[in-house]
There are 2 protein chains.
Amino acid sequence: MDLHVMDLYIKSLIKEAGHIIRNSFVTELIIEAKSDANDLVTNMDKEIEQFFITRIRRDFPGHRVFGEEGLGDVIEDLEGMVWLLDPIDGTMNFIHQKSNFAISLGVYEDGVGKLGYIYDVVNDNLYHAVEGEGAYINDERLAPLTETSLDKSIVGINATWVTPNRYIRHEDSIRLIRDVRGTRSYGSAALELAFLATGRIDAYISMRLSPWDIAGGIIIAREVGAIATNFSGEPANLLKQDTFIAANPSVHSKILNEYIHLK
Amino acid sequence: MDLHVMDLYIKSLIKEAGHIIRNSFVTELIIEAKSDANDLVTNMDKEIEQFFITRIRRDFPGHRVFGEEGLGDVIEDLEGMVWLLDPIDGTMNFIHQKSNFAISLGVYEDGVGKLGYIYDVVNDNLYHAVEGEGAYINDERLAPLTETSLDKSIVGINATWVTPNRYIRHEDSIRLIRDVRGTRSYGSAALELAFLATGRIDAYISMRLSPWDIAGGIIIAREVGAIATNFSGEPANLLKQDTFIAANPSVHSKILNEYIHLK
């Protein structure tokens with residue numbers, strides 16, 4: 001399978017999905033609670049995931065799909081071609097803001113990231129990358145990340161993680177947010193990875209992300225030099241929920257070693 | 001002075017200033033430290049403030065200007081016509097992200113907010129309001145805020161304020177972020193007020209804001225029903241730096257009374 005042909009196909013597919021989502025804003029959403037009030041799912045999530053799966057199964061037989069809504073395959077390894085899809089990353093923003101959400105997609109071959117996409121649907125900005133060929137926003141190539149330091153860094157981290165929690169020592173998170181230039185929280189892992197890739201933020205930290213949240217973004221971010229791992233410093237987990245930090249290479253290990261201590 | 005004539009004039013002026021700012025991204029910024037590393041000022045801040053002041057003095061003699069950069073008048077009362085201007089609200093975002101900043105302007109007559117503007121320069125979105133005539137984003141009228149509850153609310157609050165600080169009891173802020181649906185932090189008071197007015201967030205809280213940060217936004221937010229006060233429940237302070245909360249009327253007093261306790 002030629003990656004460039006797939007790339008063109010996927011860009012077209014994502015734009016079509018984005019069109020469906022934007023159209024949905026004129027119709028009413030039927031919202032149902034999934035696991036709790038903070039984990040909302042809409043009909044649109046499922047509709048978009050099904051849209052992708054139908055096309056992928058028709059045009060890429062043999063490929064497997066690992067999607068947030070669970071309408072695809074049961075994935076326990078990354079052998080062969082696997083599409084990791086979050087049809088709407090940032091569901092709370094989607095419902096509440098009708099903006100600041102994204103379609104996130106990563107295509108992996110035997111566990112190696114080949115094609116990455118983050119589509120900011122409302123602003124019609126498509127971040128994308130083919131392995132080894134650089135990352136782009138729309139038609140513009142993203143510059144490699146430049147050297148920085150912690151005191152000049154803006155970090156994407158939600159306020160929750162600087163309060164007592166069961167994952168990390170919050171005293172160290174508090175030190176972190178005091179030592180950096182500033183913090184932001186946008187409510188979409190995929191968009192925060194896109195912002196990391198464009199240098200708008202210098203690090204993004206979360207305690208629990210699923211493979212489909214990060215699969216597209218880490219391929220894009222890697223192309224500009226970012227490093228993505230779990231809190232043990234291992235490659236980001238693409239099979240199950242895990243801790244996650246992606247950052248400018250100048251600050252990745254410093255944040256991980258000096259400011260994040262797992263309980 | 002006819003407010004509608006002023007409104008047309010100001011919209012044109014703001015768009016012209018936005019054009020200057022967007023053009024500046026192709027030239028290098030000369031950054032200088034103002035008070036500390038977190039309070040950066042660029043030549044562009046001053047250039048834009050001077051641009052406004054020159055026009056206002058020429059076309060509105062007798063009006064006074066209260067601007068962040070201090071190039072306007074010394075303001076100790078709000079008598080007559082006063083323009084409260086932040087040429088670039090969200091300076092850190094301006095420098096670091098080249099997005100997520102805004103021109104913020106409020107025009108007050110004898111202390112009463114008459115005209116409010118927040119211009120998201122990069123996305124070319126102008127939020128605006130004439131007193132008593134509703135609020136708009138570009139040509140689209142914003143809907144009045146609808147009733148909500150705390151557990152369904154998204155709150156704009158920076159992580160700093162849920163850690164030990166000298167302004168409020170952080171234990172109560174921690175309770176707040178646990179009781180709401182989610183928190184966000186965008187790094188521009190003006191844009192967070194615009195997001196409040198569009199219902200993207202339901203409350204915005206900050207410990208220290210200056211009059212020019214909020215003057216335009218509170219006029220816009222008020223037109224859709226939002227309430228803006230300091231932490232003592234008094235009207236937002238337009239003469240000096242103060243605490244600030246603006247929120248959907250369903251949650252304003254609940255947040256203030258049950259979750260914010262000044263030290």
# chains A, B, ... in the order shown; residues from 1 in each chain; ligands from 1
$ residues_around --residues "range 46-50 of chain B" --least-positions-apart "5" --cutoff "10 Å" --atoms "only C-alpha atoms" --output "list of chain:residue names"
B:Ile14, B:Glu16, B:Ala17, B:Gly18, B:Ile20, B:Ile21, B:Val41, B:Arg55, B:Ile56, B:Val65, B:Phe66, B:Gly67, B:Glu68, B:Glu69, B:Gly70, B:Leu71, B:Gly72, B:Leu85, B:Asp86, B:Pro87, B:Ile88, B:Ile103
$ write_last_selection --atoms "all heavy atoms" --output "compact mmCIF listing (two decimals), in the first residue's frame"
# COMPACT_ATOMS: atom_id res chain seq x y z
N ILE B 14 -10.75 48.99 15.05
CA ILE B 14 -10.25 47.72 15.60
C ILE B 14 -9.78 46.80 14.48
O ILE B 14 -8.73 46.15 14.59
CB ILE B 14 -11.35 47.05 16.45
CG1 ILE B 14 -11.51 47.79 17.78
CG2 ILE B 14 -11.03 45.58 16.70
CD1 ILE B 14 -12.64 47.29 18.66
N GLU B 16 -8.61 47.71 11.65
CA GLU B 16 -7.34 48.26 11.15
C GLU B 16 -6.19 47.88 12.08
O GLU B 16 -5.11 47.49 11.61
CB GLU B 16 -7.48 49.79 11.04
CG GLU B 16 -6.42 50.44 10.18
CD GLU B 16 -6.63 51.96 10.04
OE1 GLU B 16 -7.79 52.42 10.18
OE2 GLU B 16 -5.64 52.66 9.80
N ALA B 17 -6.44 47.97 13.38
CA ALA B 17 -5.40 47.57 14.36
C ALA B 17 -5.08 46.09 14.21
O ALA B 17 -3.91 45.69 14.28
CB ALA B 17 -5.88 47.88 15.78
N GLY B 18 -6.11 45.27 14.00
CA GLY B 18 -5.89 43.84 13.82
C GLY B 18 -5.01 43.55 12.62
O GLY B 18 -4.14 42.67 12.65
N ILE B 20 -2.69 45.52 11.42
CA ILE B 20 -1.31 45.86 11.79
C ILE B 20 -0.67 44.71 12.56
O ILE B 20 0.47 44.33 12.33
CB ILE B 20 -1.29 47.16 12.64
CG1 ILE B 20 -1.79 48.36 11.82
CG2 ILE B 20 0.12 47.42 13.18
CD1 ILE B 20 -2.06 49.61 12.64
N ILE B 21 -1.45 44.15 13.50
CA ILE B 21 -0.91 43.06 14.32
C ILE B 21 -0.60 41.83 13.46
O ILE B 21 0.47 41.24 13.57
CB ILE B 21 -1.91 42.70 15.44
CG1 ILE B 21 -2.03 43.86 16.44
CG2 ILE B 21 -1.45 41.43 16.16
CD1 ILE B 21 -3.15 43.68 17.47
N VAL B 41 5.98 42.39 27.51
CA VAL B 41 5.40 43.43 26.68
C VAL B 41 6.19 43.50 25.38
O VAL B 41 7.39 43.26 25.35
CB VAL B 41 5.40 44.78 27.43
CG1 VAL B 41 6.81 45.28 27.64
CG2 VAL B 41 4.57 45.80 26.69
N ARG B 55 -5.85 58.28 17.16
CA ARG B 55 -7.14 58.41 16.49
C ARG B 55 -8.20 58.98 17.43
O ARG B 55 -9.00 59.82 17.04
CB ARG B 55 -7.61 57.05 15.97
CG ARG B 55 -6.73 56.47 14.89
CD ARG B 55 -6.77 57.30 13.60
NE ARG B 55 -6.01 56.63 12.58
CZ ARG B 55 -6.52 55.74 11.73
NH1 ARG B 55 -7.81 55.44 11.75
NH2 ARG B 55 -5.75 55.15 10.84
N ILE B 56 -8.22 58.46 18.66
CA ILE B 56 -9.25 58.91 19.61
C ILE B 56 -9.07 60.40 19.90
O ILE B 56 -10.03 61.16 19.90
CB ILE B 56 -9.19 58.08 20.92
CG1 ILE B 56 -9.55 56.62 20.63
CG2 ILE B 56 -10.14 58.66 21.97
CD1 ILE B 56 -9.19 55.65 21.76
N VAL B 65 -8.53 58.13 27.65
CA VAL B 65 -8.14 56.75 27.35
C VAL B 65 -7.37 56.16 28.52
O VAL B 65 -6.38 56.74 28.98
CB VAL B 65 -7.26 56.68 26.08
CG1 VAL B 65 -6.98 55.22 25.72
CG2 VAL B 65 -7.92 57.40 24.91
N PHE B 66 -7.85 55.00 28.99
CA PHE B 66 -7.19 54.28 30.08
C PHE B 66 -6.66 52.98 29.48
O PHE B 66 -7.41 52.04 29.22
CB PHE B 66 -8.25 53.99 31.15
CG PHE B 66 -7.71 53.59 32.51
CD1 PHE B 66 -6.39 53.83 32.88
CD2 PHE B 66 -8.56 52.98 33.43
CE1 PHE B 66 -5.93 53.46 34.14
CE2 PHE B 66 -8.11 52.61 34.69
CZ PHE B 66 -6.79 52.85 35.04
N GLY B 67 -5.35 52.98 29.20
CA GLY B 67 -4.80 51.84 28.48
C GLY B 67 -3.74 51.10 29.28
O GLY B 67 -3.08 51.68 30.15
N GLU B 68 -3.57 49.83 28.96
CA GLU B 68 -2.63 49.02 29.72
C GLU B 68 -1.21 49.57 29.66
O GLU B 68 -0.48 49.51 30.65
CB GLU B 68 -2.62 47.57 29.20
CG GLU B 68 -1.58 46.76 29.95
CD GLU B 68 -1.63 45.27 29.69
OE1 GLU B 68 -2.01 44.88 28.60
OE2 GLU B 68 -1.27 44.53 30.62
N GLU B 69 -0.81 50.08 28.52
CA GLU B 69 0.57 50.51 28.36
C GLU B 69 0.84 51.89 28.97
O GLU B 69 1.99 52.35 28.98
CB GLU B 69 0.96 50.50 26.88
CG GLU B 69 0.83 49.13 26.23
CD GLU B 69 1.61 48.05 26.97
OE1 GLU B 69 2.74 48.34 27.39
OE2 GLU B 69 1.06 46.95 27.17
N GLY B 70 -0.22 52.55 29.42
CA GLY B 70 -0.03 53.82 30.12
C GLY B 70 0.30 55.00 29.23
O GLY B 70 0.78 56.03 29.69
N LEU B 71 0.02 54.86 27.94
CA LEU B 71 0.31 55.96 27.02
C LEU B 71 -0.84 56.95 26.94
O LEU B 71 -0.72 57.99 26.29
CB LEU B 71 0.61 55.41 25.62
CG LEU B 71 1.70 54.32 25.56
CD1 LEU B 71 1.83 53.77 24.14
CD2 LEU B 71 3.03 54.87 26.05
N GLY B 72 -1.94 56.64 27.60
CA GLY B 72 -3.11 57.50 27.54
C GLY B 72 -3.17 58.46 28.71
O GLY B 72 -2.18 59.12 29.04
N LEU B 85 -8.79 50.37 27.30
CA LEU B 85 -8.19 49.64 26.18
C LEU B 85 -7.06 48.71 26.60
O LEU B 85 -6.13 49.13 27.27
CB LEU B 85 -7.62 50.66 25.18
CG LEU B 85 -6.77 50.09 24.04
CD1 LEU B 85 -7.64 49.36 23.04
CD2 LEU B 85 -5.98 51.22 23.36
N ASP B 86 -7.17 47.47 26.20
CA ASP B 86 -6.00 46.59 26.25
C ASP B 86 -5.65 46.26 24.80
O ASP B 86 -6.36 45.52 24.13
CB ASP B 86 -6.30 45.31 27.04
CG ASP B 86 -5.03 44.53 27.32
OD1 ASP B 86 -3.99 44.84 26.71
OD2 ASP B 86 -5.07 43.60 28.16
N PRO B 87 -4.55 46.83 24.30
CA PRO B 87 -4.24 46.65 22.87
C PRO B 87 -3.98 45.20 22.52
O PRO B 87 -4.32 44.76 21.42
CB PRO B 87 -2.99 47.52 22.67
CG PRO B 87 -2.41 47.70 24.03
CD PRO B 87 -3.57 47.67 24.99
N ILE B 88 -3.36 44.45 23.44
CA ILE B 88 -3.16 43.01 23.22
C ILE B 88 -3.40 42.31 24.55
O ILE B 88 -2.52 42.29 25.42
CB ILE B 88 -1.75 42.70 22.68
CG1 ILE B 88 -1.56 43.34 21.29
CG2 ILE B 88 -1.54 41.18 22.60
CD1 ILE B 88 -0.19 43.11 20.68
N ILE B 103 -7.79 42.16 21.07
CA ILE B 103 -7.90 43.58 21.39
C ILE B 103 -9.16 43.72 22.24
O ILE B 103 -10.23 43.23 21.87
CB ILE B 103 -8.04 44.43 20.11
CG1 ILE B 103 -6.77 44.32 19.26
CG2 ILE B 103 -8.32 45.89 20.48
CD1 ILE B 103 -6.90 44.97 17.88
$ interface_residues --of "chain A" --to "chain B" --cutoff "9 Å" --atoms "only C-alpha atoms" --output "PDB file with C-alpha atoms, in the first residue's frame"
ATOM      1  CA  ALA A  37     -21.322  13.016  33.586  1.00  0.00           C
ATOM      2  CA  ASN A  38     -17.777  13.879  32.574  1.00  0.00           C
ATOM      3  CA  MET A  92     -17.189  17.802  26.328  1.00  0.00           C
ATOM      4  CA  ASN A  93     -16.042  20.703  24.167  1.00  0.00           C
ATOM      5  CA  HIS A  96     -20.679  22.396  25.326  1.00  0.00           C
ATOM      6  CA  GLN A  97     -18.703  24.637  23.004  1.00  0.00           C
ATOM      7  CA  LYS A  98     -19.348  23.307  19.518  1.00  0.00           C
ATOM      8  CA  SER A  99     -15.656  24.005  18.966  1.00  0.00           C
ATOM      9  CA  ASN A 123     -11.628  25.977  12.170  1.00  0.00           C
ATOM     10  CA  ASP A 151      11.002  28.811  32.671  1.00  0.00           C
ATOM     11  CA  LYS A 152      10.106  29.793  29.119  1.00  0.00           C
ATOM     12  CA  SER A 153       7.651  26.938  28.604  1.00  0.00           C
ATOM     13  CA  ILE A 154       3.884  26.903  28.438  1.00  0.00           C
ATOM     14  CA  ILE A 157      -2.103  20.535  32.071  1.00  0.00           C
ATOM     15  CA  ASN A 158      -5.556  20.469  33.615  1.00  0.00           C
ATOM     16  CA  ALA A 159      -6.066  22.012  37.054  1.00  0.00           C
ATOM     17  CA  THR A 160      -7.171  18.595  38.339  1.00  0.00           C
ATOM     18  CA  TRP A 161      -3.592  17.318  38.278  1.00  0.00           C
ATOM     19  CA  VAL A 162      -2.261  19.969  40.632  1.00  0.00           C
ATOM     20  CA  THR A 163      -4.789  18.907  43.275  1.00  0.00           C
ATOM     21  CA  PRO A 164      -4.591  15.733  45.389  1.00  0.00           C
ATOM     22  CA  ILE A 174       2.453  22.533  42.009  1.00  0.00           C
ATOM     23  CA  ILE A 177       3.322  25.121  37.411  1.00  0.00           C
ATOM     24  CA  ARG A 178       5.334  27.612  39.480  1.00  0.00           C
ATOM     25  CA  ARG A 181       6.000  30.428  32.274  1.00  0.00           C
ATOM     26  CA  GLY A 182       2.331  29.491  32.245  1.00  0.00           C
ATOM     27  CA  THR A 183      -0.230  26.722  31.942  1.00  0.00           C
ATOM     28  CA  ARG A 184      -3.163  26.220  29.623  1.00  0.00           C
ATOM     29  CA  SER A 185      -5.967  23.690  29.377  1.00  0.00           C
ATOM     30  CA  TYR A 186      -7.949  23.229  26.168  1.00  0.00           C
ATOM     31  CA  GLY A 187      -9.874  20.017  26.853  1.00  0.00           C
ATOM     32  CA  PHE A 195      -0.511  22.869  19.653  1.00  0.00           C
ATOM     33  CA  THR A 198       3.116  24.110  16.326  1.00  0.00           C
ATOM     34  CA  GLY A 199       5.035  25.366  19.392  1.00  0.00           C
ATOM     35  CA  ARG A 200       2.009  26.996  21.020  1.00  0.00           C
ATOM     36  CA  ILE A 201       2.634  24.866  24.072  1.00  0.00           C
TER      37      ILE A 201
END
$ residues_around --residues "Ser188 in chain A" --least-positions-apart "2" --cutoff "7 Å" --atoms "only C-alpha atoms" --output "JSON, numbers by chain"
{"A": [89, 90, 101, 186, 190, 191, 192]}
$ write_last_selection --atoms "all heavy atoms" --output "mmCIF file, in the first residue's frame"
data_model
loop_
_atom_site.group_PDB
_atom_site.id
_atom_site.type_symbol
_atom_site.label_atom_id
_atom_site.label_comp_id
_atom_site.auth_asym_id
_atom_site.auth_seq_id
_atom_site.Cartn_x
_atom_site.Cartn_y
_atom_site.Cartn_z
ATOM 1 N N ASP A 89 -12.521 13.858 19.436
ATOM 2 C CA ASP A 89 -11.686 14.004 20.620
ATOM 3 C C ASP A 89 -12.000 15.357 21.255
ATOM 4 O O ASP A 89 -11.921 16.394 20.592
ATOM 5 C CB ASP A 89 -10.204 13.934 20.245
ATOM 6 C CG ASP A 89 -9.316 14.004 21.478
ATOM 7 O OD1 ASP A 89 -9.203 12.980 22.164
ATOM 8 O OD2 ASP A 89 -8.780 15.094 21.777
ATOM 9 N N GLY A 90 -12.350 15.324 22.543
ATOM 10 C CA GLY A 90 -12.813 16.538 23.217
ATOM 11 C C GLY A 90 -14.334 16.586 23.177
ATOM 12 O O GLY A 90 -14.929 17.582 22.781
ATOM 13 N N PHE A 101 -12.747 20.773 19.406
ATOM 14 C CA PHE A 101 -12.666 19.312 19.365
ATOM 15 C C PHE A 101 -12.029 18.933 18.030
ATOM 16 O O PHE A 101 -11.874 19.796 17.153
ATOM 17 C CB PHE A 101 -14.062 18.680 19.502
ATOM 18 C CG PHE A 101 -14.986 19.059 18.380
ATOM 19 C CD1 PHE A 101 -15.050 18.294 17.223
ATOM 20 C CD2 PHE A 101 -15.765 20.201 18.462
ATOM 21 C CE1 PHE A 101 -15.882 18.668 16.173
ATOM 22 C CE2 PHE A 101 -16.599 20.577 17.413
ATOM 23 C CZ PHE A 101 -16.657 19.807 16.266
ATOM 24 N N TYR A 186 -7.024 23.052 27.289
ATOM 25 C CA TYR A 186 -7.949 23.229 26.168
ATOM 26 C C TYR A 186 -9.023 22.141 26.088
ATOM 27 O O TYR A 186 -9.983 22.288 25.349
ATOM 28 C CB TYR A 186 -7.170 23.279 24.853
ATOM 29 C CG TYR A 186 -6.188 24.436 24.777
ATOM 30 C CD1 TYR A 186 -4.835 24.246 25.004
ATOM 31 C CD2 TYR A 186 -6.638 25.715 24.481
ATOM 32 C CE1 TYR A 186 -3.936 25.311 24.934
ATOM 33 C CE2 TYR A 186 -5.747 26.785 24.414
ATOM 34 C CZ TYR A 186 -4.400 26.571 24.638
ATOM 35 O OH TYR A 186 -3.515 27.621 24.569
ATOM 36 N N ALA A 190 -5.959 15.651 21.516
ATOM 37 C CA ALA A 190 -5.487 15.736 20.129
ATOM 38 C C ALA A 190 -5.087 17.169 19.793
ATOM 39 O O ALA A 190 -4.022 17.414 19.217
ATOM 40 C CB ALA A 190 -6.576 15.246 19.181
ATOM 41 N N LEU A 191 -5.923 18.137 20.165
ATOM 42 C CA LEU A 191 -5.584 19.531 19.862
ATOM 43 C C LEU A 191 -4.363 19.988 20.651
ATOM 44 O O LEU A 191 -3.537 20.742 20.141
ATOM 45 C CB LEU A 191 -6.771 20.450 20.133
ATOM 46 C CG LEU A 191 -7.890 20.385 19.090
ATOM 47 C CD1 LEU A 191 -9.012 21.348 19.457
ATOM 48 C CD2 LEU A 191 -7.366 20.710 17.693
ATOM 49 N N GLU A 192 -4.224 19.523 21.880
ATOM 50 C CA GLU A 192 -3.043 19.928 22.651
ATOM 51 C C GLU A 192 -1.778 19.366 21.995
ATOM 52 O O GLU A 192 -0.746 20.032 21.957
ATOM 53 C CB GLU A 192 -3.188 19.528 24.129
ATOM 54 C CG GLU A 192 -4.498 20.113 24.702
ATOM 55 C CD GLU A 192 -4.488 20.599 26.152
ATOM 56 O OE1 GLU A 192 -3.489 21.155 26.617
ATOM 57 O OE2 GLU A 192 -5.536 20.449 26.809
#
$ select_by_dssp --residues "range 13-151 of chain B" --states "strand (DSSP E)" --output "PyMOL selection string"
chain B and resi 31-33+40-42+64-67+81-89+102-109+112-120+125-130+135-137+140-141
$ select_by_dssp --residues "range 110-256 of chain B" --states "helix (DSSP H, G or I)" --output "count of residues only"
44
$ residues_around --residues "His252 in chain A" --least-positions-apart "6" --cutoff "10 Å" --atoms "only C-alpha atoms" --output "JSON, numbers by chain"
{"A": [150, 202, 203, 204, 226, 227, 228, 229, 233, 245, 246]}
$ write_last_selection --atoms "N, CA, C and O atoms" --output "CSV table (one decimal), in the first residue's frame"
chain,number,residue,atom,x,y,z
A,150,LEU,N,12.6,25.4,30.8
A,150,LEU,CA,11.4,25.2,31.5
A,150,LEU,C,10.7,26.6,31.9
A,150,LEU,O,9.5,26.7,31.8
A,202,ASP,N,4.6,23.8,25.0
A,202,ASP,CA,5.9,23.2,25.0
A,202,ASP,C,5.8,21.8,25.6
A,202,ASP,O,6.8,21.0,25.4
A,203,ALA,N,4.7,21.5,26.3
A,203,ALA,CA,4.6,20.2,26.9
A,203,ALA,C,3.1,20.0,27.1
A,203,ALA,O,2.3,20.9,27.3
A,204,TYR,N,2.7,18.7,27.1
A,204,TYR,CA,1.3,18.4,27.4
A,204,TYR,C,1.3,17.1,28.3
A,204,TYR,O,2.0,16.1,28.0
A,226,ALA,N,9.3,16.4,18.8
A,226,ALA,CA,8.7,16.2,20.2
A,226,ALA,C,9.0,14.7,20.6
A,226,ALA,O,9.1,13.8,19.8
A,227,ILE,N,9.0,14.6,21.9
A,227,ILE,CA,9.1,13.2,22.5
A,227,ILE,C,7.8,12.9,23.3
A,227,ILE,O,7.3,13.7,24.0
A,228,ALA,N,7.3,11.7,23.0
A,228,ALA,CA,6.1,11.3,23.7
A,228,ALA,C,6.3,10.0,24.4
A,228,ALA,O,6.8,9.0,23.8
A,229,THR,N,6.0,9.9,25.7
A,229,THR,CA,6.2,8.7,26.5
A,229,THR,C,5.1,8.6,27.6
A,229,THR,O,4.3,9.6,27.7
A,233,GLY,N,8.6,6.8,31.2
A,233,GLY,CA,9.6,7.1,30.1
A,233,GLY,C,9.6,6.1,29.0
A,233,GLY,O,10.4,6.1,28.1
A,245,ILE,N,3.0,12.0,28.6
A,245,ILE,CA,3.6,13.3,28.5
A,245,ILE,C,4.3,13.4,27.1
A,245,ILE,O,5.0,12.5,26.6
A,246,ALA,N,3.9,14.5,26.4
A,246,ALA,CA,4.6,14.8,25.1
A,246,ALA,C,5.2,16.2,25.3
A,246,ALA,O,4.5,17.1,25.8
$ atom_distance --atom1 "CA of Glu258 in chain A" --atom2 "CA of Ala236 in chain A"
19.4 Å
$ atom_distance --atom1 "CA of Asn125 in chain B" --atom2 "CA of His19 in chain B"
12.7 Å
$ residues_around --residues "range 220-224 of chain B" --least-positions-apart "5" --cutoff "12 Å" --atoms "only C-alpha atoms" --output "PyMOL selection string"
chain B and resi 104-107+113-119+126-137+141-147+190-199+201-204+214-215+229+235-236+245-249
$ decode --residues "range 96-103 of chain A" --atoms "all heavy atoms" --output "tab-separated table (two decimals), in the first residue's frame"
chain	number	residue	atom	x	y	z
A	96	HIS	N	-20.46	21.15	24.58
A	96	HIS	CA	-20.68	22.40	25.33
A	96	HIS	C	-20.27	23.63	24.53
A	96	HIS	O	-20.83	24.71	24.69
A	96	HIS	CB	-19.86	22.33	26.62
A	96	HIS	CG	-20.39	23.16	27.74
A	96	HIS	ND1	-21.18	22.64	28.74
A	96	HIS	CD2	-20.26	24.47	28.02
A	96	HIS	CE1	-21.49	23.60	29.60
A	96	HIS	NE2	-20.95	24.72	29.18
A	97	GLN	N	-19.26	23.46	23.68
A	97	GLN	CA	-18.70	24.64	23.00
A	97	GLN	C	-18.93	24.62	21.49
A	97	GLN	O	-18.74	25.64	20.84
A	97	GLN	CB	-17.19	24.73	23.27
A	97	GLN	CG	-16.83	24.64	24.75
A	97	GLN	CD	-15.38	25.01	25.00
A	97	GLN	OE1	-14.51	24.80	24.18
A	97	GLN	NE2	-15.13	25.59	26.17
A	98	LYS	N	-19.27	23.45	20.97
A	98	LYS	CA	-19.35	23.31	19.52
A	98	LYS	C	-18.07	23.81	18.84
A	98	LYS	O	-18.08	24.33	17.73
A	98	LYS	CB	-20.58	24.02	18.95
A	98	LYS	CG	-21.89	23.36	19.38
A	98	LYS	CD	-23.09	24.01	18.70
A	98	LYS	CE	-24.39	23.24	18.93
A	98	LYS	NZ	-24.72	23.09	20.35
A	99	SER	N	-16.97	23.64	19.51
A	99	SER	CA	-15.66	24.00	18.97
A	99	SER	C	-14.60	23.37	19.87
A	99	SER	O	-14.95	22.76	20.88
A	99	SER	CB	-15.48	25.52	18.91
A	99	SER	OG	-15.56	26.07	20.19
A	100	ASN	N	-13.32	23.53	19.48
A	100	ASN	CA	-12.23	22.98	20.29
A	100	ASN	C	-12.27	21.46	20.44
A	100	ASN	O	-11.90	20.92	21.49
A	100	ASN	CB	-12.18	23.65	21.67
A	100	ASN	CG	-11.92	25.14	21.58
A	100	ASN	OD1	-11.16	25.59	20.74
A	100	ASN	ND2	-12.58	25.90	22.42
A	101	PHE	N	-12.75	20.77	19.41
A	101	PHE	CA	-12.67	19.31	19.37
A	101	PHE	C	-12.03	18.93	18.03
A	101	PHE	O	-11.87	19.80	17.15
A	101	PHE	CB	-14.06	18.68	19.50
A	101	PHE	CG	-14.99	19.06	18.38
A	101	PHE	CD1	-15.05	18.29	17.22
A	101	PHE	CD2	-15.76	20.20	18.46
A	101	PHE	CE1	-15.88	18.67	16.17
A	101	PHE	CE2	-16.60	20.58	17.41
A	101	PHE	CZ	-16.66	19.81	16.27
A	102	ALA	N	-11.66	17.66	17.90
A	102	ALA	CA	-10.95	17.25	16.69
A	102	ALA	C	-11.22	15.79	16.35
A	102	ALA	O	-11.56	14.99	17.21
A	102	ALA	CB	-9.44	17.44	16.88
A	103	ILE	N	-11.10	15.47	15.07
A	103	ILE	CA	-11.00	14.08	14.64
A	103	ILE	C	-9.52	13.70	14.76
A	103	ILE	O	-8.66	14.43	14.26
A	103	ILE	CB	-11.47	13.91	13.18
A	103	ILE	CG1	-12.94	14.28	13.04
A	103	ILE	CG2	-11.20	12.49	12.70
A	103	ILE	CD1	-13.44	14.34	11.60
